[in-house]
Amino acid sequence: MPIALCQDFDPTATWAAAKLSKDSGQTRRLLALAAIYEGASRTQAARIGGMTL
């Protein structure tokens, strides 16, 4: 069952946080979340984040 995303953030803020991050793992996770906020599938987000479902 998918977990709902918080509505406190949006793609723009998440992309900005990823750009400022110095930690590569955190950056990948933020980019995956930004993609989901923009409507990407879980599979696409997993590829962006370097993960599997």
# chains A, B, ... in the order shown; residues from 1 in each chain; ligands from 1
>>> residues_around(residues="range 7-16 of chain A", least_positions_apart="3", cutoff="6 Å", atoms="only C-alpha atoms", output="PyMOL selection string")
chain A and resi 19+34+37
>>> atom_distance(atom1="CA of Ala17 in chain A", atom2="CA of Ile48 in chain A")
15.7 Å
>>> atom_distance(atom1="CA of Ala45 in chain A", atom2="CA of Leu31 in chain A")
7.9 Å
